[in-house]
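Colleague: The file below is final_23.tsv, TSV, C-alpha atoms:
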chain	number	residue	atom	x	y	z
F	223	MET	CA	-18.86	-39.76	161.19
F	224	ALA	CA	-19.05	-41.15	164.72
F	225	ARG	CA	-15.25	-41.47	164.91
F	226	LEU	CA	-14.86	-37.85	163.75
F	227	LEU	CA	-17.29	-36.67	166.39
F	228	ARG	CA	-15.45	-38.56	169.12
F	229	THR	CA	-12.12	-37.03	167.99
F	230	MET	CA	-13.58	-33.55	167.94
F	231	GLU	CA	-15.16	-34.05	171.35
F	232	GLN	CA	-11.73	-34.96	172.73
F	233	GLU	CA	-10.23	-31.88	171.12
F	234	ASN	CA	-13.11	-29.85	172.49
F	235	GLY	CA	-12.25	-31.03	175.99
F	236	TRP	CA	-8.62	-30.17	175.53
F	237	LEU	CA	-9.46	-26.75	174.07
F	238	LEU	CA	-11.88	-25.92	176.86
F	239	ALA	CA	-9.25	-26.88	179.43
F	240	GLU	CA	-6.66	-24.79	177.57
F	241	LEU	CA	-9.10	-21.86	177.35
F	242	LYS	CA	-9.83	-22.09	181.02
F	243	GLU	CA	-6.12	-22.22	181.81
F	244	VAL	CA	-5.32	-19.29	179.53
F	245	THR	CA	-8.17	-17.25	180.97
F	246	ALA	CA	-6.98	-17.95	184.51
F	247	ILE	CA	-3.45	-16.94	183.60
F	248	ALA	CA	-4.74	-13.80	181.96
F	249	ASP	CA	-6.83	-12.89	184.94
F	250	ASN	CA	-3.92	-13.45	187.33
F	251	GLU	CA	-0.95	-12.24	185.31
F	252	LEU	CA	-2.22	-9.39	183.19
F	253	PRO	CA	-2.78	-7.01	186.12
F	254	GLU	CA	0.81	-7.67	187.16
F	255	LEU	CA	2.03	-7.23	183.62
F	256	ASP	CA	0.17	-3.96	183.28
F	257	ARG	CA	2.47	-2.46	185.81
F	258	GLY	CA	5.63	-3.70	184.09
F	259	VAL	CA	4.92	-3.22	180.36
F	260	ASP	CA	3.77	-0.40	178.21
F	261	ASP	CA	0.28	-0.12	176.79
F	262	GLU	CA	1.29	-1.26	173.27
F	263	GLU	CA	2.72	-4.58	174.42
F	264	ASN	CA	-0.23	-5.06	176.73
F	265	GLU	CA	-2.63	-4.58	173.85
F	266	MET	CA	-0.71	-7.11	171.75
F	267	LEU	CA	-0.96	-9.73	174.49
F	268	ARG	CA	-4.63	-9.10	174.92
F	269	ALA	CA	-5.22	-9.33	171.17
F	270	GLU	CA	-3.34	-12.64	171.01
F	271	LEU	CA	-5.35	-13.97	173.95
F	272	ASP	CA	-8.60	-12.87	172.35
F	273	ALA	CA	-7.61	-14.59	169.09
F	274	ILE	CA	-6.87	-17.85	170.90
F	275	SER	CA	-10.15	-17.59	172.81
F	276	GLY	CA	-12.04	-16.88	169.59
F	277	GLU	CA	-10.52	-19.88	167.83
F	278	ILE	CA	-11.35	-22.14	170.75
F	279	GLN	CA	-14.90	-20.81	170.85
F	280	LEU	CA	-15.32	-21.41	167.10
F	281	ARG	CA	-14.23	-25.03	167.52
F	282	VAL	CA	-16.59	-25.47	170.46
F	283	ASP	CA	-19.47	-24.04	168.42
F	284	ARG	CA	-18.60	-26.33	165.47
F	285	ILE	CA	-18.56	-29.39	167.70
F	286	GLN	CA	-21.92	-28.38	169.14
F	287	GLU	CA	-23.35	-28.04	165.63
F	288	LEU	CA	-22.07	-31.50	164.73
F	289	LYS	CA	-23.66	-32.90	167.88
F	290	GLU	CA	-26.98	-31.34	166.93
F	291	CYS	CA	-26.68	-32.72	163.40
F	292	ARG	CA	-25.94	-36.17	164.76
F	293	THR	CA	-28.95	-35.93	167.08
F	294	GLU	CA	-31.18	-34.85	164.20
F	295	LEU	CA	-29.82	-37.63	161.98
F	296	HIS	CA	-30.38	-40.21	164.73
F	297	CYS	CA	-33.93	-38.97	165.31
F	298	SER	CA	-34.59	-39.11	161.57
F	299	LYS	CA	-33.36	-42.71	161.40
F	300	VAL	CA	-35.42	-43.64	164.45
F	301	GLU	CA	-38.54	-42.07	162.95
F	302	LYS	CA	-37.91	-43.92	159.69
F	303	LEU	CA	-37.49	-47.22	161.52
F	304	VAL	CA	-40.65	-46.60	163.54
F	305	ILE	CA	-42.57	-45.91	160.33
F	306	GLU	CA	-41.21	-49.10	158.73
F	307	ILE	CA	-42.02	-51.18	161.83
F	308	ASN	CA	-45.54	-49.75	162.01
F	309	SER	CA	-45.99	-50.49	158.32
F	310	LEU	CA	-44.82	-54.09	158.76
F	311	GLU	CA	-47.04	-54.55	161.80
F	312	MET	CA	-49.99	-53.16	159.88
F	313	GLU	CA	-49.32	-55.53	156.97
F	314	ASP	CA	-48.99	-58.43	159.41
F	315	ARG	CA	-52.26	-57.51	161.11
F	316	GLU	CA	-53.98	-57.19	157.75
F	317	ALA	CA	-52.63	-60.59	156.66
F	318	LYS	CA	-53.78	-62.18	159.90
F	319	ALA	CA	-57.16	-60.51	159.54
F	320	ARG	CA	-57.48	-61.85	155.98
F	321	ASP	CA	-56.49	-65.34	157.12
F	322	HIS	CA	-58.98	-65.16	159.98
F	323	VAL	CA	-61.76	-64.00	157.65
F	324	GLN	CA	-60.87	-66.79	155.20
F	325	MET	CA	-60.92	-69.35	158.02
F	326	LEU	CA	-64.31	-68.08	159.22
F	327	HIS	CA	-65.59	-68.21	155.64
F	328	GLU	CA	-64.43	-71.81	155.19
F	329	LYS	CA	-65.86	-72.79	158.56
F	330	HIS	CA	-69.17	-71.12	157.73
F	331	LYS	CA	-69.20	-72.86	154.35
F	332	GLU	CA	-68.60	-76.26	155.98
F	333	GLU	CA	-71.32	-75.61	158.55
F	334	MET	CA	-73.79	-74.56	155.85
F	335	GLU	CA	-72.97	-77.67	153.79
F	336	ALA	CA	-73.54	-79.83	156.86
F	337	ILE	CA	-76.81	-78.03	157.59
F	338	ASN	CA	-77.99	-78.40	153.98
F	339	ALA	CA	-77.10	-82.09	153.99
F	340	LYS	CA	-79.04	-82.53	157.24
F	341	VAL	CA	-82.04	-80.65	155.78
F	342	VAL	CA	-82.02	-82.90	152.70
F	343	GLN	CA	-81.82	-85.96	154.93
F	344	LEU	CA	-84.70	-84.75	157.12
F	345	GLU	CA	-86.79	-83.93	154.04
F	346	LYS	CA	-86.26	-87.45	152.73
F	347	GLN	CA	-87.14	-88.92	156.11
F	348	LEU	CA	-90.27	-86.74	156.24
F	349	GLU	CA	-91.24	-87.81	152.73
F	350	GLN	CA	-90.71	-91.43	153.71
F	351	LYS	CA	-92.77	-91.00	156.87
F	352	GLU	CA	-95.59	-89.28	154.99
F	353	ALA	CA	-95.59	-92.06	152.41
F	354	GLN	CA	-95.81	-94.69	155.16
F	355	VAL	CA	-98.63	-92.84	156.93
F	356	SER	CA	-100.53	-92.24	153.70
F	357	ALA	CA	-100.17	-95.86	152.58
F	358	THR	CA	-101.21	-97.12	156.02
F	359	CYS	CA	-104.28	-94.85	156.10
F	360	LEU	CA	-105.30	-95.87	152.59
F	361	LEU	CA	-104.98	-99.58	153.34
F	362	ASP	CA	-106.81	-99.16	156.65
F	363	MET	CA	-109.67	-97.34	154.93
F	364	ILE	CA	-109.95	-100.03	152.28
F	365	LEU	CA	-109.97	-102.80	154.88
F	366	GLN	CA	-112.59	-101.05	157.01
F	367	THR	CA	-114.98	-100.38	154.13
F	368	GLY	CA	-114.49	-103.88	152.73
F	369	GLY	CA	-114.95	-102.48	149.27
F	370	ASN	CA	-113.03	-103.07	146.13
F	371	VAL	CA	-109.89	-101.08	145.50
F	372	ARG	CA	-110.23	-98.64	142.64
F	373	GLU	CA	-107.54	-98.36	140.00
F	374	GLU	CA	-106.69	-94.80	141.09
F	375	GLU	CA	-106.21	-95.99	144.67
F	376	CYS	CA	-103.99	-98.84	143.51
F	377	GLN	CA	-101.83	-96.44	141.51
F	378	HIS	CA	-101.59	-94.05	144.43
F	379	LEU	CA	-100.74	-96.89	146.81
F	380	TYR	CA	-98.14	-98.22	144.37
F	381	LYS	CA	-96.57	-94.76	144.13
F	382	LEU	CA	-96.39	-94.45	147.92
F	383	VAL	CA	-94.85	-97.88	148.29
F	384	THR	CA	-92.30	-97.04	145.56
F	385	ILE	CA	-91.33	-93.83	147.36
F	386	TRP	CA	-91.01	-95.73	150.61
F	387	LYS	CA	-88.80	-98.38	149.01
F	388	GLU	CA	-86.57	-95.73	147.44
F	389	CYS	CA	-86.16	-94.02	150.79
F	390	GLN	CA	-85.36	-97.34	152.41
F	391	GLU	CA	-82.75	-98.08	149.74
F	392	GLN	CA	-81.16	-94.65	150.17
F	393	GLU	CA	-81.06	-95.12	153.93
F	394	ARG	CA	-79.51	-98.56	153.54
F	395	GLN	CA	-76.90	-97.16	151.15
F	396	ARG	CA	-76.10	-94.35	153.57
F	397	TYR	CA	-75.57	-96.79	156.43
F	398	GLN	CA	-73.51	-99.05	154.20
F	399	ASN	CA	-71.24	-96.16	153.15
F	400	ALA	CA	-70.86	-95.12	156.78
F	401	HIS	CA	-69.94	-98.70	157.68
F	402	VAL	CA	-67.34	-98.86	154.89
F	403	ASP	CA	-65.87	-95.53	156.00
F	404	LEU	CA	-65.69	-96.63	159.63
F	405	THR	CA	-64.12	-99.93	158.62
F	406	LYS	CA	-61.51	-98.11	156.55
F	407	ARG	CA	-60.71	-95.73	159.41
F	408	HIS	CA	-60.48	-98.63	161.84
F	409	ARG	CA	-58.04	-100.44	159.52
F	410	MET	CA	-55.91	-97.30	159.12
F	411	ASN	CA	-55.84	-96.69	162.88
F	412	ARG	CA	-54.95	-100.32	163.49
F	413	ASP	CA	-52.12	-100.19	160.94
F	414	GLU	CA	-50.78	-96.94	162.43
F	415	LEU	CA	-50.94	-98.44	165.91
F	416	GLN	CA	-49.10	-101.54	164.75
F	417	GLU	CA	-46.41	-99.38	163.11
F	418	THR	CA	-46.03	-97.46	166.36
F	419	ARG	CA	-45.66	-100.71	168.31
F	420	GLN	CA	-42.98	-101.93	165.91
F	421	GLU	CA	-41.12	-98.62	166.15
F	422	LEU	CA	-41.17	-98.87	169.94
F	423	ILE	CA	-39.83	-102.42	169.75
F	424	GLN	CA	-37.10	-101.63	167.20
F	425	PHE	CA	-36.40	-98.00	168.22
F	426	PRO	CA	-32.60	-97.54	168.07
F	427	LEU	CA	-30.91	-95.78	170.96
F	428	PRO	CA	-27.15	-95.77	171.72
F	429	ASP	CA	-25.64	-98.12	174.27
F	430	ASP	CA	-28.76	-100.33	174.34
F	431	TYR	CA	-30.54	-97.61	176.30
F	432	TYR	CA	-33.95	-98.65	174.99
F	433	ALA	CA	-33.25	-102.26	175.83
F	434	GLN	CA	-32.37	-101.15	179.34
F	435	CYS	CA	-35.68	-99.30	179.54
F	436	LEU	CA	-37.81	-102.21	178.33
F	437	GLU	CA	-35.89	-105.42	178.89
F	438	SER	CA	-33.77	-104.75	181.99
F	439	MET	CA	-35.86	-102.47	184.21
F	440	MET	CA	-37.09	-104.42	187.19
F	441	ILE	CA	-39.83	-103.58	189.67
F	442	GLY	CA	-40.36	-105.86	192.62
F	443	GLY	CA	-38.07	-108.49	191.11
F	444	PHE	CA	-39.68	-108.62	187.67
F	445	THR	CA	-40.12	-106.43	184.60
F	446	ALA	CA	-43.50	-104.70	184.69
F	447	ILE	CA	-43.50	-103.63	181.02
F	448	GLY	CA	-41.10	-105.07	178.50
F	449	ILE	CA	-40.54	-106.99	175.29
F	450	LYS	CA	-41.61	-110.61	175.14
F	451	ARG	CA	-40.59	-112.99	172.37
F	452	MET	CA	-43.88	-114.60	171.39
F	453	GLY	CA	-43.38	-118.24	170.49
F	454	GLN	CA	-40.13	-118.60	172.42
F	455	LEU	CA	-39.99	-121.74	174.51
F	456	ASP	CA	-39.92	-121.28	178.29
F	457	GLU	CA	-36.88	-123.33	179.32
F	458	ALA	CA	-37.43	-123.32	183.10
F	459	PRO	CA	-39.93	-126.26	183.20
F	460	PHE	CA	-37.49	-128.41	181.22
F	461	TYR	CA	-34.66	-127.82	183.70
F	462	HIS	CA	-36.96	-128.49	186.67
F	463	ALA	CA	-38.26	-131.71	185.09
F	464	CYS	CA	-34.77	-132.98	184.20
F	465	LYS	CA	-33.47	-132.08	187.66
F	466	SER	CA	-36.23	-134.17	189.25
F	467	LYS	CA	-35.96	-137.06	186.79
F	468	TYR	CA	-32.22	-137.43	186.34
F	469	ARG	CA	-30.86	-135.86	189.56
F	470	ASP	CA	-27.14	-136.74	189.44
F	471	ASP	CA	-27.12	-137.93	185.83
F	472	ASP	CA	-26.18	-134.61	184.14
F	473	PRO	CA	-29.63	-132.95	184.44
F	474	GLN	CA	-28.37	-129.63	183.06
F	475	GLY	CA	-26.97	-131.18	179.89
F	476	LYS	CA	-30.06	-133.34	179.31
F	477	ALA	CA	-32.32	-130.32	179.83
F	478	ALA	CA	-30.30	-128.21	177.37
F	479	ARG	CA	-30.50	-130.94	174.72
F	480	LEU	CA	-34.23	-131.41	175.34
F	481	VAL	CA	-34.87	-127.67	175.00
F	482	SER	CA	-32.86	-127.55	171.77
F	483	THR	CA	-34.83	-130.50	170.36
F	484	TRP	CA	-38.19	-128.87	171.06
F	485	GLN	CA	-37.07	-125.49	169.79
F	486	GLU	CA	-36.30	-127.12	166.45
F	487	GLU	CA	-39.59	-129.01	166.60
F	488	LEU	CA	-41.50	-125.74	167.04
F	489	LYS	CA	-39.89	-124.39	163.85
F	490	ASN	CA	-41.02	-127.45	161.89
F	491	ALA	CA	-43.85	-126.10	159.68
F	492	SER	CA	-44.92	-129.63	158.72
F	493	TRP	CA	-45.87	-130.34	162.35
F	494	ASN	CA	-49.32	-128.84	162.87
F	495	PRO	CA	-50.77	-130.13	166.16
F	496	PHE	CA	-54.00	-128.11	165.92
F	497	THR	CA	-57.64	-129.04	165.60
F	498	ALA	CA	-60.65	-126.87	164.75
F	499	ILE	CA	-63.56	-126.52	167.18
F	500	LEU	CA	-66.77	-124.46	167.11
F	501	LEU	CA	-66.68	-121.76	169.80
F	502	ASP	CA	-69.53	-119.22	170.13
F	503	GLY	CA	-70.63	-119.96	166.60
F	504	GLU	CA	-67.14	-119.46	165.16
F	505	GLU	CA	-64.50	-121.96	164.14
F	506	LYS	CA	-61.31	-121.68	166.17
F	507	ASP	CA	-57.99	-123.54	166.07
F	508	VAL	CA	-56.83	-125.06	169.37
F	509	VAL	CA	-53.89	-127.28	170.30
F	510	ASP	CA	-54.68	-130.96	169.78
F	511	GLU	CA	-54.32	-132.61	173.19
F	512	ASP	CA	-54.10	-136.02	171.53
F	513	ASP	CA	-51.14	-135.17	169.32
F	514	PRO	CA	-48.66	-138.09	169.66
F	515	LYS	CA	-45.58	-135.93	170.23
F	516	LEU	CA	-47.28	-133.87	172.91
F	517	ARG	CA	-48.66	-137.00	174.59
F	518	GLN	CA	-45.18	-138.52	174.69
F	519	LEU	CA	-43.67	-135.31	176.13
F	520	TRP	CA	-46.38	-135.19	178.78
F	521	THR	CA	-45.82	-138.84	179.68
F	522	GLU	CA	-42.05	-138.46	180.07
F	523	TYR	CA	-41.71	-134.96	181.58
F	524	GLY	CA	-45.08	-133.94	183.00
F	525	ASP	CA	-47.64	-131.12	182.72
F	526	ASP	CA	-45.38	-128.06	183.08
F	527	THR	CA	-43.06	-129.07	180.27
F	528	CYS	CA	-45.94	-129.99	177.97
F	529	ASN	CA	-47.78	-126.74	178.77
F	530	ALA	CA	-44.65	-124.73	177.94
F	531	VAL	CA	-44.63	-126.27	174.45
F	532	LYS	CA	-48.39	-125.68	174.07
F	533	ASN	CA	-48.05	-122.01	175.01
F	534	ALA	CA	-45.24	-121.55	172.50
F	535	LEU	CA	-47.37	-123.26	169.84
F	536	ARG	CA	-50.36	-120.97	170.54
F	537	GLU	CA	-48.20	-117.85	170.34
F	538	LEU	CA	-46.54	-118.96	167.10
F	539	HIS	CA	-49.93	-119.83	165.61
F	540	GLU	CA	-51.22	-116.36	166.47
F	541	TYR	CA	-48.19	-114.23	165.61
F	542	ASN	CA	-46.24	-116.10	162.95
F	543	PRO	CA	-47.99	-119.31	161.80
F	544	LYS	CA	-46.08	-119.51	158.50
F	545	GLY	CA	-42.59	-118.50	159.54
F	546	ARG	CA	-42.68	-120.35	162.89
F	547	GLN	CA	-40.15	-117.86	164.32
F	548	ALA	CA	-40.45	-116.00	167.62
F	549	VAL	CA	-41.82	-112.46	167.25
F	550	LYS	CA	-41.18	-109.55	169.59
F	551	GLU	CA	-44.20	-108.03	171.31
F	552	LEU	CA	-44.72	-105.27	173.88
F	553	TRP	CA	-45.90	-107.10	176.98
F	554	ASN	CA	-47.43	-106.29	180.35
F	555	PHE	CA	-45.78	-108.97	182.49
F	556	ARG	CA	-47.67	-107.89	185.58
F	557	GLU	CA	-51.05	-108.70	183.99
F	558	GLY	CA	-49.91	-111.30	181.44
F	559	ARG	CA	-51.17	-109.53	178.31
F	560	LYS	CA	-50.10	-107.28	175.45
F	561	ALA	CA	-49.11	-103.83	176.69
F	562	THR	CA	-50.74	-100.78	175.19
F	563	VAL	CA	-48.60	-98.06	173.60
F	564	ALA	CA	-49.70	-95.65	176.34
F	565	GLU	CA	-48.53	-98.09	179.03
F	566	VAL	CA	-45.13	-98.49	177.36
F	567	LEU	CA	-44.52	-94.75	176.99
F	568	LYS	CA	-45.66	-94.05	180.55
F	569	TYR	CA	-43.40	-96.80	181.90
F	570	ILE	CA	-40.37	-95.56	179.94
F	571	PHE	CA	-40.81	-91.98	181.15
F	572	GLU	CA	-41.25	-93.15	184.75
F	573	GLN	CA	-38.07	-95.20	184.58
F	574	LEU	CA	-36.10	-92.37	182.98
F	575	GLU	CA	-37.25	-89.99	185.73
F	576	MET	CA	-36.17	-92.51	188.37
F	577	ARG	CA	-32.73	-92.84	186.72
F	578	ASN	CA	-32.28	-89.07	186.57
Translate this file's structure into structure tokens.

Modeller:
Amino acid sequence: MARLLRTMEQENGWLLAELKEVTAIADNELPELDRGVDDEENEMLRAELDAISGEIQLRVDRIQELKECRTELHCSKVEKLVIEINSLEMEDREAKARDHVQMLHEKHKEEMEAINAKVVQLEKQLEQKEAQVSATCLLDMILQTGGNVREEECQHLYKLVTIWKECQEQERQRYQNAHVDLTKRHRMNRDELQETRQELIQFPLPDDYYAQCLESMMIGGFTAIGIKRMGQLDEAPFYHACKSKYRDDDPQGKAARLVSTWQEELKNASWNPFTAILLDGEEKDVVDEDDPKLRQLWTEYGDDTCNAVKNALRELHEYNPKGRQAVKELWNFREGRKATVAEVLKYIFEQLEMRN
């Protein structure tokens, strides 16, 4: 349809141009021809010209009708689309309104349930308080009069005490349930946090990009936040001690062999140089200062070397006492403690911004 209209519009342009040209020729030439031809021939030329003009005008009128039809068809389609869009928008608004009403209903229901639960709790507390006051008044009256307690008074007092005990038991159960719920939530949050820490440690990125972020980013000559291998032996004190003790007698080789020996010793699960002490009312395992192997190491290589082994022992005992293998941990090297997840994420983003 559109292609036909375009073709007819082109023909319309050509016909109008031809009509204009023919009309101009007729206006200019016919007066001249009138003088040179007879009336019969003149009439024939005029009739032919009128026929051509009529045909052109018919085509122009037809094209105009087609244009009007196209306009009406377009308007009809537009109106139909508008109606459909309005209908869809109305349905969407109605659906949103229903969802909103449902949400308000659920919220109101939850609020009413909470209010009813609070009312029941307050009623029980009031009943408990009234029972306490009534029992106290009854006992006080009996003590003041110094008389004997009647059987009716004993029954009433027993009933009040029973109510009070039931309320106390219900209150205790409520607190116990709340404690169990809080403990469960704390355990779940702790497990989720530990999973997040492990994902940060083991998160795979191409080209060791994550390792660059956590293990190779330096600030002021040292890594502020990074991954520390808990239980890994610090080798520096061994090299310093061997350099001082052996000097020119292959200190590097002796230090390397000494480090290797103690790394294997740390993995030895049968060696357990710990002793239990009572600290703040709780039993705690600490490194046994009198362990023979540690005493010998201290005697031969000094405090720093011995302390390096003790630190590795403490970390292994805390993080992997059974496996005796070093464990990766997110670490705040600036403050010498475990890094929080928030600190790690903040540090990574800061370093990435600096790199970009």

Colleague: What is the atom CA of Val508 of chain F-atom CA of Asn494 of chain F distance in Å, reported with one decimal?

Modeller: 10.6 Å

Colleague: Using only C-alpha atoms, list the residues that have an atom at most 10 Å from (-47.8, -119.1, 169.5), coordinates as in the file, as a list in words.

Modeller: Arg451, Met452, Gly453, Gln454, Leu455, Leu488, Val531, Lys532, Asn533, Ala534, Leu535, Arg536, Glu537, Leu538, His539, Glu540, Tyr541, Asn542, Pro543, Arg546, Gln547, Ala548 and Val549 of chain F

Colleague: Generate the output file for the selected residues, C-alpha atoms, as a compact mmCIF listing (two decimals), keeping the file's coordinate frame.

Modeller:
# COMPACT_ATOMS: atom_id res chain seq x y z
CA ARG F 451 -40.59 -112.99 172.37
CA MET F 452 -43.88 -114.60 171.39
CA GLY F 453 -43.38 -118.24 170.49
CA GLN F 454 -40.13 -118.60 172.42
CA LEU F 455 -39.99 -121.74 174.51
CA LEU F 488 -41.50 -125.74 167.04
CA VAL F 531 -44.63 -126.27 174.45
CA LYS F 532 -48.39 -125.68 174.07
CA ASN F 533 -48.05 -122.01 175.01
CA ALA F 534 -45.24 -121.55 172.50
CA LEU F 535 -47.37 -123.26 169.84
CA ARG F 536 -50.36 -120.97 170.54
CA GLU F 537 -48.20 -117.85 170.34
CA LEU F 538 -46.54 -118.96 167.10
CA HIS F 539 -49.93 -119.83 165.61
CA GLU F 540 -51.22 -116.36 166.47
CA TYR F 541 -48.19 -114.23 165.61
CA ASN F 542 -46.24 -116.10 162.95
CA PRO F 543 -47.99 -119.31 161.80
CA ARG F 546 -42.68 -120.35 162.89
CA GLN F 547 -40.15 -117.86 164.32
CA ALA F 548 -40.45 -116.00 167.62
CA VAL F 549 -41.82 -112.46 167.25

Colleague: For a quick check of understanding, using all atoms listed in the file, which of F:Leu552, F:Pro459, F:Ala561, F:Trp520 has the smallest distance to Gln420 of chain F?

Modeller: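 The answer is F:Leu552, which sits nearest to Gln420 of chain F.
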
Colleague: Give me the residues near segment 462-465 of chain F as a compact mmCIF listing (two decimals) with C-alpha atoms, in the coordinates of the input, where near means some atom within 8 Å (using all atoms listed in the file) and where sequence neighbours in that chain fewer than 5 positions away do not count.

Modeller:
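File around_8.txt, as written:
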# COMPACT_ATOMS: atom_id res chain seq x y z
CA PRO F 473 -29.63 -132.95 184.44
CA GLN F 474 -28.37 -129.63 183.06
CA LYS F 476 -30.06 -133.34 179.31
CA ALA F 477 -32.32 -130.32 179.83
CA TYR F 523 -41.71 -134.96 181.58
CA GLY F 524 -45.08 -133.94 183.00
CA THR F 527 -43.06 -129.07 180.27

Colleague: What's the separation between atom CA of Ala564 of chain F and atom CA of Ile449 of chain F, in Å to one decimal place?

Modeller: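 Separation of atom CA of Ala564 of chain F and atom CA of Ile449 of chain F: 14.6 Å.
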
Colleague: Which one is closest to Leu519 of chain F: F:Glu335, F:Thr384, F:Gln485, F:Leu480? Count all atoms listed in the file.

Modeller: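 So, comparing all the options, the nearest one is F:Leu480.
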
Colleague: So the first atom is atom CA of Trp484 of chain F and the second is atom CA of Glu457 of chain F; what is the distance between them in Å, to one decimal place?

Modeller: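 Pair atom CA of Trp484 of chain F / atom CA of Glu457 of chain F returns 10.0 Å.
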
Colleague: So which one's closest to Val383 of chain F, F:Lys318, F:Gly448, F:Leu516, F:Glu352? Using all atoms listed in the file, please.

Modeller: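 Distance minimum relative to Val383 of chain F lands on F:Glu352.
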
Colleague: May I ask which of the residues F:Ala317, F:Leu326, F:Val563, F:Met266 is the closest one to Leu415 of chain F, counting only C-alpha atoms?

Modeller: F:Val563

Colleague: Pop segment 523-536 of chain F out of the structure in the block and write C-alpha atoms as a CSV table (one decimal), in the first residue's frame.

Modeller:
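What landed in decode37.csv:
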chain,number,residue,atom,x,y,z
F,523,TYR,CA,69.7,-19.3,69.0
F,524,GLY,CA,68.2,-16.8,71.4
F,525,ASP,CA,64.8,-15.2,72.2
F,526,ASP,CA,63.8,-14.1,68.7
F,527,THR,CA,64.1,-17.5,67.1
F,528,CYS,CA,62.3,-19.2,70.0
F,529,ASN,CA,59.5,-16.6,69.9
F,530,ALA,CA,59.1,-17.2,66.2
F,531,VAL,CA,58.4,-20.9,66.9
F,532,LYS,CA,56.1,-20.0,69.8
F,533,ASN,CA,54.0,-17.7,67.6
F,534,ALA,CA,53.7,-20.3,64.9
F,535,LEU,CA,52.6,-22.9,67.6
F,536,ARG,CA,50.0,-20.5,69.0
